[in-house]
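**Student:** I'd like to ask some things about the structure below.
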Amino acid sequence: MRNPIKTALRAAPGLAALLAAFPALAQTDAPPAIDTGDTAWMLTSTAIVLMMTIPGLGLFYSGMVRKKNVLDVCMQVFAICAMVTVLWMIAGYSIAFGTAASEGINAFIGGFDRMFLAGTTMESVSYTIPEWVFIMFQMTFAIITPALIIGAFAERMKFSAVMLFMGLWLLVVYAPVCHWVWGGGFLASAGVLDFAGGTVVHINAGVAGLVVCVMLGRRRGYGSVNMAPHNLVLTFVGAALLWVGWFGFNAGSAVASNAIAGIAMLNTQVAAAGAALAWMVVEWVVLKKPSALGILSGAVAGLVAITPAAGFVNPTGALWIGVPAGIACYYAAAHLKKTLGYDDSLDVFGVHGVGGIVGALLTGIFADPAINAAGEGASLGAQIYGVAVTVVYTGVVTTVLLLVTKALTGLRVSDQEEEEGLDLALHGETVQ
Amino acid sequence: MRNPIKTALRAAPGLAALLAAFPALAQTDAPPAIDTGDTAWMLTSTAIVLMMTIPGLGLFYSGMVRKKNVLDVCMQVFAICAMVTVLWMIAGYSIAFGTAASEGINAFIGGFDRMFLAGTTMESVSYTIPEWVFIMFQMTFAIITPALIIGAFAERMKFSAVMLFMGLWLLVVYAPVCHWVWGGGFLASAGVLDFAGGTVVHINAGVAGLVVCVMLGRRRGYGSVNMAPHNLVLTFVGAALLWVGWFGFNAGSAVASNAIAGIAMLNTQVAAAGAALAWMVVEWVVLKKPSALGILSGAVAGLVAITPAAGFVNPTGALWIGVPAGIACYYAAAHLKKTLGYDDSLDVFGVHGVGGIVGALLTGIFADPAINAAGEGASLGAQIYGVAVTVVYTGVVTTVLLLVTKALTGLRVSDQEEEEGLDLALHGETVQ
Amino acid sequence: MRNPIKTALRAAPGLAALLAAFPALAQTDAPPAIDTGDTAWMLTSTAIVLMMTIPGLGLFYSGMVRKKNVLDVCMQVFAICAMVTVLWMIAGYSIAFGTAASEGINAFIGGFDRMFLAGTTMESVSYTIPEWVFIMFQMTFAIITPALIIGAFAERMKFSAVMLFMGLWLLVVYAPVCHWVWGGGFLASAGVLDFAGGTVVHINAGVAGLVVCVMLGRRRGYGSVNMAPHNLVLTFVGAALLWVGWFGFNAGSAVASNAIAGIAMLNTQVAAAGAALAWMVVEWVVLKKPSALGILSGAVAGLVAITPAAGFVNPTGALWIGVPAGIACYYAAAHLKKTLGYDDSLDVFGVHGVGGIVGALLTGIFADPAINAAGEGASLGAQIYGVAVTVVYTGVVTTVLLLVTKALTGLRVSDQEEEEGLDLALHGETVQ
Amino acid sequence: MKLIIAVIKPFKLEAVREALTTAGVQGLMVSEVKGYGRQSGHTEIYRGAEYTVNFVPKIRIEIVAADDQVDRIADAIAGTARTGKIGDGKIFVLDVQQAIRIRTDERGDDAL
Amino acid sequence: MKLIIAVIKPFKLEAVREALTTAGVQGLMVSEVKGYGRQSGHTEIYRGAEYTVNFVPKIRIEIVAADDQVDRIADAIAGTARTGKIGDGKIFVLDVQQAIRIRTDERGDDAL
Amino acid sequence: MKLIIAVIKPFKLEAVREALTTAGVQGLMVSEVKGYGRQSGHTEIYRGAEYTVNFVPKIRIEIVAADDQVDRIADAIAGTARTGKIGDGKIFVLDVQQAIRIRTDERGDDAL
Ligand SMILES: Nc1ncnc2c1ncn2[C@@H]1O[C@H](COP(=O)(O)OP(=O)(O)O)[C@@H](O)[C@H]1O
Ligand SMILES: Nc1ncnc2c1ncn2[C@@H]1O[C@H](COP(=O)(O)OP(=O)(O)O)[C@@H](O)[C@H]1O
Ligand SMILES: Nc1ncnc2c1ncn2[C@@H]1O[C@H](COP(=O)(O)OP(=O)(O)O)[C@@H](O)[C@H]1O
């Protein structure tokens, strides 16, 4: 039988933080008790991380597309949420947090022993919370990661292709990478620090987005037709809900209601603010007008960048992660994309890929042992290793999955459907 | 004097769950202590259940009406929220959770001893939380139930009639039915399982909605004029906030921050996802295009259906409650309504009535004693009894209250007001 | 070295409440332990108070302006959120909650010992929560207060002027006033009761708003051009999120997960409802049509008015604070403004100034020692004193800061920019 | 050929379109306009401000038709759009020199 | 009868409407158009993409009037809408063959 | 002078505007209309209700031009807007009596 405590210790974001906080847990086998306060915070965190995706991400993205494609974006986000829920329950959680028979295999994948959540009972405890809550919390991470990718191929991909690709990607890319970092896999062993998912969630989604948009090709009329965001009020609301929900994402990754959760929340706030201001100032200087799209994008860039670092750095460190992230992502979205010529519709790579990499690397630099003893062993080298492995794996496997999807359903809508708008063409609906 | 502990034990959703969890409470009279963790979760649950109604339900519904009626819908939801708050404090809580002088009466109605919240002090405890919090939590349920009904008569009922009818309905229908199930009334004694309000909230509102829309008659032009939803982005946001808030509704009904809350949250997620996918797939197969309205409606259908079962079933059971609920509600909204010819504008009966009944019955089948000892006595018979009693009572009394309202204020706006739109005609405002 | 416990005791909203609740704390120096339940509720409160500003306030305000200025409003709110975050971390928290060298100075200002959050460690505790959490919670109050002001000068102030003025105002007005009331300053000593910020937040912002709109002059075409709210659905969502978030604001000001938090939440709900109904009824009687704008404004008026009283009064008291607040604010927005002729675009003074004053005064009348022992010493005199001091200080200093801003950046956009709309003129964007 | 411009009440659009189809009209354009006329607008009040909105929403229908069709078409519109209350709208007829079907380059009546 | 089409800057609408009422005009139609002319549009930049928006929002006013009213009306419009800056707009006059008031079936000048 | 009214498919707007600029057109008005013609609309289904939406979104372009420019302009529009599929749209030409540039009070061809 699997040992619930060992599983619990392996199965978590903010792992090192917790080992530091509860050293005793690592040594004894006494069943840990449930703490109602910790559980309350994790229930709340779960709710607000779900809110990041629906409606948060849906609004953030749908405000940026043209009016004829807005419902398609909302529906993709919502359908991914539903599909990942069922897949996570059936197999995703097991692949990420189950225990493979051999230790060699377990370094890479978590096994199929926990399919349909087998083995979880009313007494199962992860850390100091019921395992049901831990499953739910992790599920919300599994939901948002594929949903992030849709920004890269918005306004041109078939709905059937989206569903097929995302289902495969969850099981073949997300779940294993999640296992490597949080499920006791080889990246955790290598000392890669990722408090709340900079690598697992953001670099992962950012790179996948880049691959998809390159393989799909640009939108019709890209570069000549005006594709300005149709309603940035939606994007404002989306960015705001992402920000608020990110407290659950980052402070929730402490898996406890304690000082680590507190500093993680504060760092999240400071980095988001720093990056938002940085993007705004750069735009103000360069383009003479600070834009709403700019400051909102900047905030998200900062949130992405602080994700791996939230429970490891001090607030000043958070500021120094946020500001460069805002500038780097501005550069990526405004210049790199133009130079390289790919059409990453809503800058998934520019914000999540680049912001995630900036954050992952700076975590190695700014980790402060006074905040979290686990930060002591932080090294830039380990961080680079973690980033590199993820980029390569995701890049390659995403390509393969897209080829499979293309063979089965095709990837792009027809020219006429693209012209008409995906809302009407694919869903028979329009926004008035 | 009434015994606060006994009241507390009677006065609660998820009652059986709690009796199982704290058996000691049932035997001793020692004042239970407040648990800060449980209280934290219940404060949070209260906040997000309120968020289900404002703005959640307001957005869900207002996106589905025509542009000329959108503010009327928002305003009805908001005004009901305000009015029920005051009525609940004055009399509703007392009727639902007070103690009638005689036990015979108490089976049906809770008495008037707690009007204006008399008897609640800073020391009053319900379960392990301050009674103030319990009052607030229950208030949010009392708010959303009448608000759900407005979807059935949207776009044609007088605002004054809405207010009068809703005030009466709260006191004469909602509060007593709430007492029957959660306040120690006869349905609880009969072994009817309703974890978080499938009967009290959803069947109740669904049946009332059906009665109102039939008595009011159809909207002008129904069947010939295009009444397509004017902005499904609003409906998307509304459905998403309902989903998130439902965690407070269902997991909050554990009245504790524990494994029951955890499994209730997970079940909620799984059932919503299953029903959303089911509705989407049926639509895809039947109509060739999966619509945003469809998947959003499906999710709500699943949330409704899992409500009575959330703390009694395992996740696989939740999936098997969600999927049929999605299909049944699709059928009700797309076919049953057409066949019978009533104009339930936004399918309150089709989703809440039908979904509620599906959920109530399947709770009797899927209740798993390994999850919750209280599920042991589950029986389809008791569930059918509970549904039948509620349908009949609500159906009859709602009819009477509508006749009273009609006599006092009239029910429908004039043809010209309906044509012009209720926003301008009743509130002097329009959305640009 | 400063004593962390004494600081904690001084440094808090709902101060008196806590002194009453934990009398022991005031006498011993034993380090208080962290309570995970209290911490969970404060983490949650922080998240939902941030949600009040982004997106809540942004939506509430942007729905009320004309379509050409909607993004400018959103962006101001968002940029203030980011800027205040950084300023609060650098100096604001220190000014408000630091300890000045001399006691004489400390009555007025908190000193610069805590700049860059110096001195806060992973062991720092405020009350029963990590100090990081307390810093974050307070930060969300510091964010919303200046953001409230923008409603007064909406549709005509330069974005650069907004940023400069707000940065100054935070440090020179907000932080000191916060210190006076919650940081151990002279208003606390004088027995002024302000549970959650009626004076610090609402009167402060309301008066500042009045000063700005008078100094800026009216919008072009004020009184002849139709400036009706362009989309009250946004305002509905904003008001609803303000309402929900206010639970964190008021119940969070208990800095604990207990009966005080419970009664504060219930009072918040009742007062909001009472004021919403009051405004609606007045409008219905006077103008024959109850408007969405009216009931939404009324709810906010009630929320403002209950803020200073939330943890001191009983629910009936809350109702008697809400109802007059709704009526008084209706009068201020609909008549006083007209009579005096200033153009407070979105009635910041009419709702927050007037509502705040009504609430502050009525707190002195309705404070109930059975709810909170700290209410025993409540006196109308002390309340008037608190209001007067704040009005004068804010009025004078805001004027000075505006003159400084005017000299450095100018205050108003050009006539042509105002005509064209601030979205396009200042940010190069439009809502389609 | 003639251009017929009709301004009608919005809720009459569907009925008028059907009447026109019956009358043999095969093509037309519809747009939203704000009308100003005898029919008065409404008053908006919000937070003390009071404005008269002079404009009333109307629908404009435009049809280019052969000369001999004009009367039938005008009658079809007038007959269907009439409610007898102020604000029913107007029909205007203008002369058209030329019509071209873009797809086929047909000209004149053939292009309609 | 004549159809007068005026394209003006949006913020001049209310003033022009008042001037027209003063000049005795009792009915008109207003619609929103995008204008293209000497007045140049603006540039939109977002995340590296840069587009010139050539069109400028304008308001089109249409009035059908008796022949002898046309000059007065055109003068009233031009006088009120003029700012002297590029983009003030145009007035076009077309001939109208027939006008019908739907409500009463009145024809010609009586229908206006 | 003539008024040229062209109804085209929305996605052709930018191309047509460029062709017109090349053809020397210096001013025009663009508005959105709902077109009804041979090209059929689509069916909307929601929760059991089924409606045929008869109207198709179109763009109307209006240009007032000197008489001798009309053919070139019409050709430029037709040539650019043609896809060969049903629904490409129409061009109508009407006579214009007078044109005034509001800014300068210029009249006739000078006002264009
Ligand atoms: N002279 C006119 N020129 C252009 N449009 C007109 C004219 N007179 C009326 N209209 C249009 O016809 C509509 C109806 O006219 P109105 O005077 O309100 O009622 P009725 O047609 O019943 O006399 C107006 O809203 C306006 O759009
Ligand atoms: N030849 C034309 N045909 C139709 N509309 C025109 C024409 N020329 C100009 N317009 C309209 O008049 C508006 C103003 O014209 P513009 O050339 O910008 O300035 P001005 O009228 O001051 O010369 C344009 O935006 C366009 O809508
Ligand atoms: N007689 C007409 N009068 C006014 N507009 C017309 C007329 N006929 C067609 N149209 C417009 O032209 C558009 C295209 O016409 P349609 O019959 O669909 O295709 P085609 O131009 O290829 O024959 C229609 O949508 C309508 O807006």
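Residue names in the structure tokens use chain letters A, B, ... in the order shown, residue numbers from 1 in each chain, and ligand numbers from 1 in the order shown.
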Counting only C-alpha atoms, give me one row per residue of chain A with an atom at most 7 Å from an atom of chain B, showing the shortest contact pair and its distance in Å to one decimal, sorted by chain then residue number, as JSON lines.
**Tutor:**
```
{"residue": "A:Thr36", "atom": "CA", "partner": "B:Gly37", "partner_atom": "CA", "distance": 4.4}
{"residue": "A:Gly37", "atom": "CA", "partner": "B:Gly37", "partner_atom": "CA", "distance": 3.8}
{"residue": "A:Thr39", "atom": "CA", "partner": "B:Ser257", "partner_atom": "CA", "distance": 5.9}
{"residue": "A:Ala40", "atom": "CA", "partner": "B:Trp41", "partner_atom": "CA", "distance": 4.9}
{"residue": "A:Ala47", "atom": "CA", "partner": "B:Val244", "partner_atom": "CA", "distance": 5.8}
{"residue": "A:Leu50", "atom": "CA", "partner": "B:Val244", "partner_atom": "CA", "distance": 6.8}
{"residue": "A:Met51", "atom": "CA", "partner": "B:Val244", "partner_atom": "CA", "distance": 6.3}
{"residue": "A:Ile54", "atom": "CA", "partner": "B:Ala240", "partner_atom": "CA", "distance": 5.2}
{"residue": "A:Pro55", "atom": "CA", "partner": "B:Val237", "partner_atom": "CA", "distance": 5.2}
{"residue": "A:Leu71", "atom": "CA", "partner": "B:Val233", "partner_atom": "CA", "distance": 6.6}
{"residue": "A:Cys74", "atom": "CA", "partner": "B:Phe236", "partner_atom": "CA", "distance": 7.0}
{"residue": "A:Met75", "atom": "CA", "partner": "B:Ala292", "partner_atom": "CA", "distance": 5.5}
{"residue": "A:Ala82", "atom": "CA", "partner": "B:Ala273", "partner_atom": "CA", "distance": 4.1}
{"residue": "A:Met83", "atom": "CA", "partner": "B:Ala273", "partner_atom": "CA", "distance": 6.7}
{"residue": "A:Thr85", "atom": "CA", "partner": "B:Val270", "partner_atom": "CA", "distance": 6.3}
{"residue": "A:Val86", "atom": "CA", "partner": "B:Val270", "partner_atom": "CA", "distance": 6.4}
{"residue": "A:Met122", "atom": "CA", "partner": "B:Ala259", "partner_atom": "CA", "distance": 5.9}
{"residue": "A:Pro130", "atom": "CA", "partner": "B:Ala259", "partner_atom": "CA", "distance": 5.3}
{"residue": "A:Trp132", "atom": "CA", "partner": "B:Gly262", "partner_atom": "CA", "distance": 5.2}
{"residue": "A:Val133", "atom": "CA", "partner": "B:Gly262", "partner_atom": "CA", "distance": 4.9}
{"residue": "A:Met136", "atom": "CA", "partner": "B:Leu266", "partner_atom": "CA", "distance": 5.9}
{"residue": "A:Leu426", "atom": "CA", "partner": "B:Lys289", "partner_atom": "CA", "distance": 6.1}
{"residue": "A:His427", "atom": "CA", "partner": "B:Ser291", "partner_atom": "CA", "distance": 4.6}
{"residue": "A:Gly428", "atom": "CA", "partner": "B:Ser291", "partner_atom": "CA", "distance": 6.7}
{"residue": "A:Val431", "atom": "CA", "partner": "B:Asn231", "partner_atom": "CA", "distance": 4.8}
{"residue": "A:Gln432", "atom": "CA", "partner": "B:His230", "partner_atom": "CA", "distance": 5.4}
```
**Student:** Those residues you just picked out, can you put them in a file as an mmCIF file, in the first residue's frame with C-alpha atoms?
**Tutor:**
```cif
data_model
loop_
_atom_site.group_PDB
_atom_site.id
_atom_site.type_symbol
_atom_site.label_atom_id
_atom_site.label_comp_id
_atom_site.auth_asym_id
_atom_site.auth_seq_id
_atom_site.Cartn_x
_atom_site.Cartn_y
_atom_site.Cartn_z
ATOM 1 C CA THR A 36 -9.414 23.378 9.653
ATOM 2 C CA GLY A 37 -7.685 26.714 9.056
ATOM 3 C CA THR A 39 -8.234 23.473 4.857
ATOM 4 C CA ALA A 40 -10.355 26.629 4.794
ATOM 5 C CA ALA A 47 -12.387 28.388 -5.715
ATOM 6 C CA LEU A 50 -11.004 28.139 -10.825
ATOM 7 C CA MET A 51 -12.243 31.720 -11.092
ATOM 8 C CA ILE A 54 -13.733 30.830 -15.741
ATOM 9 C CA PRO A 55 -14.477 33.644 -16.125
ATOM 10 C CA LEU A 71 -17.891 33.454 -28.069
ATOM 11 C CA CYS A 74 -15.280 31.839 -24.171
ATOM 12 C CA MET A 75 -16.537 28.463 -25.220
ATOM 13 C CA ALA A 82 -15.147 20.737 -18.258
ATOM 14 C CA MET A 83 -13.064 18.254 -20.214
ATOM 15 C CA THR A 85 -12.082 18.052 -14.946
ATOM 16 C CA VAL A 86 -13.198 14.659 -16.148
ATOM 17 C CA MET A 122 -12.577 10.312 3.690
ATOM 18 C CA PRO A 130 -8.105 16.279 3.173
ATOM 19 C CA TRP A 132 -10.041 15.561 -1.745
ATOM 20 C CA VAL A 133 -9.128 19.184 -1.362
ATOM 21 C CA MET A 136 -9.396 19.706 -6.396
ATOM 22 C CA LEU A 426 -18.764 27.140 -35.492
ATOM 23 C CA HIS A 427 -21.379 27.835 -32.840
ATOM 24 C CA GLY A 428 -24.249 29.480 -34.689
ATOM 25 C CA VAL A 431 -22.810 38.856 -29.782
ATOM 26 C CA GLN A 432 -25.026 41.842 -30.550
#
```
**Student:** Taking only C-alpha atoms and all ligand atoms into account, report as JSON, numbers by chain which residues have an atom no farther than 8 Å from an atom of ligand 2.
**Tutor:** {"E": [7, 8, 33, 34, 35, 36, 37, 38, 39, 40, 55, 56, 57, 58, 84, 85, 86, 87, 88, 89, 90], "F": [3, 25, 26, 27, 28, 29, 30, 62, 63, 64, 65, 101, 102, 103, 104, 111, 112]}
**Student:** Please dump the current selection as a short mmCIF file (atom, residue, chain, number, x, y, z; two decimals), in the first residue's frame; keep N, CA, C and O atoms.
**Tutor:**
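Output saved as out-v7.cif:
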```
data_model
loop_
_atom_site.label_atom_id
_atom_site.label_comp_id
_atom_site.auth_asym_id
_atom_site.auth_seq_id
_atom_site.Cartn_x
_atom_site.Cartn_y
_atom_site.Cartn_z
N VAL E 7 -23.22 65.70 -43.88
CA VAL E 7 -22.28 64.92 -43.07
C VAL E 7 -21.57 65.90 -42.16
O VAL E 7 -20.95 66.85 -42.66
N ILE E 8 -21.63 65.70 -40.86
CA ILE E 8 -21.04 66.68 -39.94
C ILE E 8 -20.23 65.98 -38.85
O ILE E 8 -20.25 64.76 -38.72
N VAL E 33 -22.05 57.37 -39.54
CA VAL E 33 -21.26 56.85 -40.64
C VAL E 33 -19.77 56.99 -40.32
O VAL E 33 -19.39 57.72 -39.40
N LYS E 34 -18.98 56.25 -41.07
CA LYS E 34 -17.54 56.45 -40.99
C LYS E 34 -17.13 57.27 -42.20
O LYS E 34 -17.44 56.89 -43.34
N GLY E 35 -16.49 58.38 -41.96
CA GLY E 35 -16.14 59.25 -43.06
C GLY E 35 -14.70 59.09 -43.48
O GLY E 35 -13.83 58.78 -42.67
N TYR E 36 -14.48 59.31 -44.78
CA TYR E 36 -13.12 59.26 -45.29
C TYR E 36 -12.95 60.52 -46.12
O TYR E 36 -13.79 60.83 -46.98
N GLY E 37 -11.92 61.27 -45.84
CA GLY E 37 -11.76 62.51 -46.58
C GLY E 37 -10.39 63.11 -46.31
O GLY E 37 -9.43 62.39 -46.02
N ARG E 38 -10.32 64.42 -46.38
CA ARG E 38 -9.03 65.07 -46.16
C ARG E 38 -8.56 64.91 -44.72
O ARG E 38 -7.38 64.80 -44.44
N GLN E 39 -9.54 64.96 -43.82
CA GLN E 39 -9.19 64.81 -42.41
C GLN E 39 -8.64 63.41 -42.20
O GLN E 39 -9.29 62.41 -42.51
N SER E 40 -7.44 63.33 -41.68
CA SER E 40 -6.83 62.01 -41.58
C SER E 40 -7.25 61.31 -40.29
O SER E 40 -7.64 61.94 -39.31
N PHE E 55 -10.74 55.89 -41.20
CA PHE E 55 -12.08 56.45 -41.09
C PHE E 55 -12.27 57.27 -39.82
O PHE E 55 -11.73 56.95 -38.76
N VAL E 56 -13.04 58.31 -39.97
CA VAL E 56 -13.33 59.21 -38.87
C VAL E 56 -14.83 59.15 -38.60
O VAL E 56 -15.60 59.18 -39.55
N PRO E 57 -15.24 59.04 -37.36
CA PRO E 57 -16.69 58.98 -37.10
C PRO E 57 -17.39 60.28 -37.49
O PRO E 57 -16.92 61.37 -37.14
N LYS E 58 -18.48 60.16 -38.23
CA LYS E 58 -19.26 61.32 -38.64
C LYS E 58 -20.73 61.03 -38.41
O LYS E 58 -21.13 59.88 -38.26
N GLY E 84 -14.37 75.56 -39.17
CA GLY E 84 -13.25 76.09 -39.94
C GLY E 84 -12.09 75.14 -40.03
O GLY E 84 -11.09 75.42 -40.70
N LYS E 85 -12.22 74.03 -39.36
CA LYS E 85 -11.12 73.05 -39.42
C LYS E 85 -11.47 71.94 -40.41
O LYS E 85 -12.65 71.63 -40.62
N ILE E 86 -10.45 71.34 -40.96
CA ILE E 86 -10.67 70.24 -41.90
C ILE E 86 -11.57 69.18 -41.28
O ILE E 86 -11.45 68.84 -40.11
N GLY E 87 -12.50 68.68 -42.11
CA GLY E 87 -13.37 67.62 -41.63
C GLY E 87 -14.74 68.11 -41.21
O GLY E 87 -15.53 67.35 -40.66
N ASP E 88 -15.03 69.38 -41.47
CA ASP E 88 -16.34 69.91 -41.08
C ASP E 88 -17.48 69.21 -41.80
O ASP E 88 -18.59 69.14 -41.29
N GLY E 89 -17.19 68.70 -43.01
CA GLY E 89 -18.20 67.92 -43.69
C GLY E 89 -18.82 68.59 -44.90
O GLY E 89 -18.36 69.66 -45.34
N LYS E 90 -19.86 67.96 -45.43
CA LYS E 90 -20.47 68.35 -46.69
C LYS E 90 -21.98 68.40 -46.58
O LYS E 90 -22.55 67.78 -45.69
N LEU F 3 -24.38 60.80 -57.09
CA LEU F 3 -24.17 60.05 -55.85
C LEU F 3 -24.08 58.58 -56.21
O LEU F 3 -25.01 58.03 -56.81
N VAL F 25 -10.56 59.15 -55.81
CA VAL F 25 -11.65 59.58 -54.92
C VAL F 25 -11.07 60.14 -53.64
O VAL F 25 -10.21 59.52 -53.01
N GLN F 26 -11.54 61.30 -53.24
CA GLN F 26 -10.96 61.93 -52.05
C GLN F 26 -11.88 61.93 -50.84
O GLN F 26 -11.48 62.32 -49.76
N GLY F 27 -13.12 61.51 -51.06
CA GLY F 27 -14.01 61.52 -49.91
C GLY F 27 -15.12 60.51 -50.10
O GLY F 27 -15.57 60.27 -51.22
N LEU F 28 -15.55 59.93 -49.01
CA LEU F 28 -16.68 59.01 -49.08
C LEU F 28 -17.23 58.76 -47.69
O LEU F 28 -16.65 59.19 -46.68
N MET F 29 -18.39 58.10 -47.65
CA MET F 29 -19.02 57.74 -46.38
C MET F 29 -19.26 56.25 -46.36
O MET F 29 -19.66 55.69 -47.38
N VAL F 30 -19.07 55.65 -45.21
CA VAL F 30 -19.27 54.22 -45.08
C VAL F 30 -20.27 53.96 -43.96
O VAL F 30 -20.20 54.60 -42.90
N GLU F 62 -20.84 55.42 -49.94
CA GLU F 62 -21.48 56.48 -50.72
C GLU F 62 -20.44 57.52 -51.13
O GLU F 62 -19.67 58.00 -50.30
N ILE F 63 -20.45 57.83 -52.39
CA ILE F 63 -19.49 58.79 -52.93
C ILE F 63 -20.23 59.78 -53.81
O ILE F 63 -21.01 59.37 -54.68
N VAL F 64 -19.99 61.05 -53.58
CA VAL F 64 -20.49 62.04 -54.53
C VAL F 64 -19.32 62.42 -55.43
O VAL F 64 -18.23 62.74 -54.93
N ALA F 65 -19.55 62.34 -56.72
CA ALA F 65 -18.44 62.57 -57.65
C ALA F 65 -18.93 63.37 -58.85
O ALA F 65 -20.12 63.40 -59.16
N ARG F 101 -19.21 72.37 -49.42
CA ARG F 101 -18.23 72.04 -48.39
C ARG F 101 -18.47 72.99 -47.22
O ARG F 101 -18.37 74.22 -47.37
N ILE F 102 -18.81 72.45 -46.12
CA ILE F 102 -19.21 73.29 -44.98
C ILE F 102 -18.10 74.25 -44.55
O ILE F 102 -18.35 75.42 -44.31
N ARG F 103 -16.90 73.72 -44.49
CA ARG F 103 -15.77 74.51 -43.99
C ARG F 103 -15.58 75.81 -44.78
O ARG F 103 -15.36 76.87 -44.19
N THR F 104 -15.66 75.71 -46.14
CA THR F 104 -15.30 76.86 -46.98
C THR F 104 -16.48 77.45 -47.72
O THR F 104 -16.34 78.46 -48.41
N ALA F 111 -16.59 71.38 -54.23
CA ALA F 111 -16.86 70.99 -52.85
C ALA F 111 -16.52 69.52 -52.59
O ALA F 111 -16.50 69.09 -51.42
N LEU F 112 -16.24 68.79 -53.64
CA LEU F 112 -16.06 67.34 -53.44
C LEU F 112 -14.68 66.99 -52.89
O LEU F 112 -13.73 67.73 -53.05
#
```
**Student:** Would you please extract all strand (DSSP E or B) residues from segment 87-232 of chain A, as assigned by DSSP on the backbone, and give them as a list in words?
**Tutor:**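 Here are the strand (DSSP E or B) residues of segment 87-232 of chain A: Val125, Ser126, Ile129, Pro130 and Met157 of chain A.
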**Student:** Interatomic distance between atom CA of Leu187 of chain C and atom CA of Phe108 of chain C?
**Tutor:** 9.1 Å
